[in-house]
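Down below is the structure, laid out as structure tokens.
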Amino acid sequence: MAAGKGKKADKKTAADAEAGTASADAKAGGGVLGIALLAVGALASSFATVFFLTPATVPEAPVCETTESATHAEPAIKVNQSYVELRDILITIGSAPATRYLKMKVAIISDDGDVATVNDAEPVLIDAFTNYLRSVEVSDFENPGFYSHMRDQLDRRSQLVLGSGVSDGVLITEFLLR
């Protein structure tokens, strides 16, 4: 009898197993179908959002309009203007041992008639520029806004040495900080 009971139990277990496999297959098929429906729904809602919420036409904006009130800019170069290049300025920077140095080449803007005056005053100009540049710290050179300030300071020193009628400005033609 024990054997008979075992056969019934085996038949019942086999029937349950077949029913479980069939329900598992149904769940798996529904899961893939659900994911596919979800993807299609997301795609449709994305398309609808972009299609219906974007404007149909983009208004054209003018690229660059010229107005009647535009002023004519005068050229920076004058007719009788000369550029007198000074010799290289090479100095050490900072108070630490001489590990960093600055090499600059400067040109003085002046009138054609004052070129000889600038050439005669070159040693005094180099001395004035060197004294200023030695007072500058390395951290100042790391600030991009410092360079216009440095040009203004060099221009001021050239006007002190040459006079404001001789020097019309300073150009930094080469700059190397190592």
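By order in the structure tokens, chains are A, B, ...; within a chain, residues start at 1; ligands start at 1, following the order shown.
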
Within 7 Å of region 69-85 of chain A, which residues of region 90-126 of chain A come that close, and what is the closest atom pair and distance in Å for each? Count only C-alpha atoms and give it as a tab-separated table.
```
residue	atom	partner	partner_atom	distance
A:Val106	CA	A:Glu85	CA	6.0
A:Ala107	CA	A:Glu85	CA	4.1
A:Ile108	CA	A:Val84	CA	5.1
A:Ile109	CA	A:Tyr83	CA	4.8
A:Ser110	CA	A:Ser82	CA	5.4
A:Asp111	CA	A:Gln81	CA	4.6
A:Asp112	CA	A:Ser82	CA	5.4
A:Val115	CA	A:Val84	CA	6.7
```

How would the residues just picked look written out with C-alpha atoms as a compact mmCIF listing (two decimals), in the first residue's frame?
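Contents of selection.txt, freshly written:
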```
# COMPACT_ATOMS: atom_id res chain seq x y z
CA VAL A 106 59.18 96.46 -25.40
CA ALA A 107 58.59 99.04 -28.13
CA ILE A 108 57.94 102.73 -27.45
CA ILE A 109 55.40 104.52 -29.65
CA SER A 110 56.53 108.02 -30.61
CA ASP A 111 56.44 110.52 -33.45
CA ASP A 112 58.96 110.24 -36.28
CA VAL A 115 63.03 108.54 -32.50
```

Members of region 15-177 of chain A assigned helix (DSSP H, G or I) by DSSP, as an NGL selection string: :A and (15-53 or 112-120 or 122-134 or 138-141 or 146-162)

Can you pull out the residues contacting region 140-142 of chain A? Cut-off 12 Å, using only C-alpha atoms, and skip same-chain residues under 2 positions away; I want them as a ChimeraX atom specification. /A:93-94,100-102,133-138,144-150,175-178
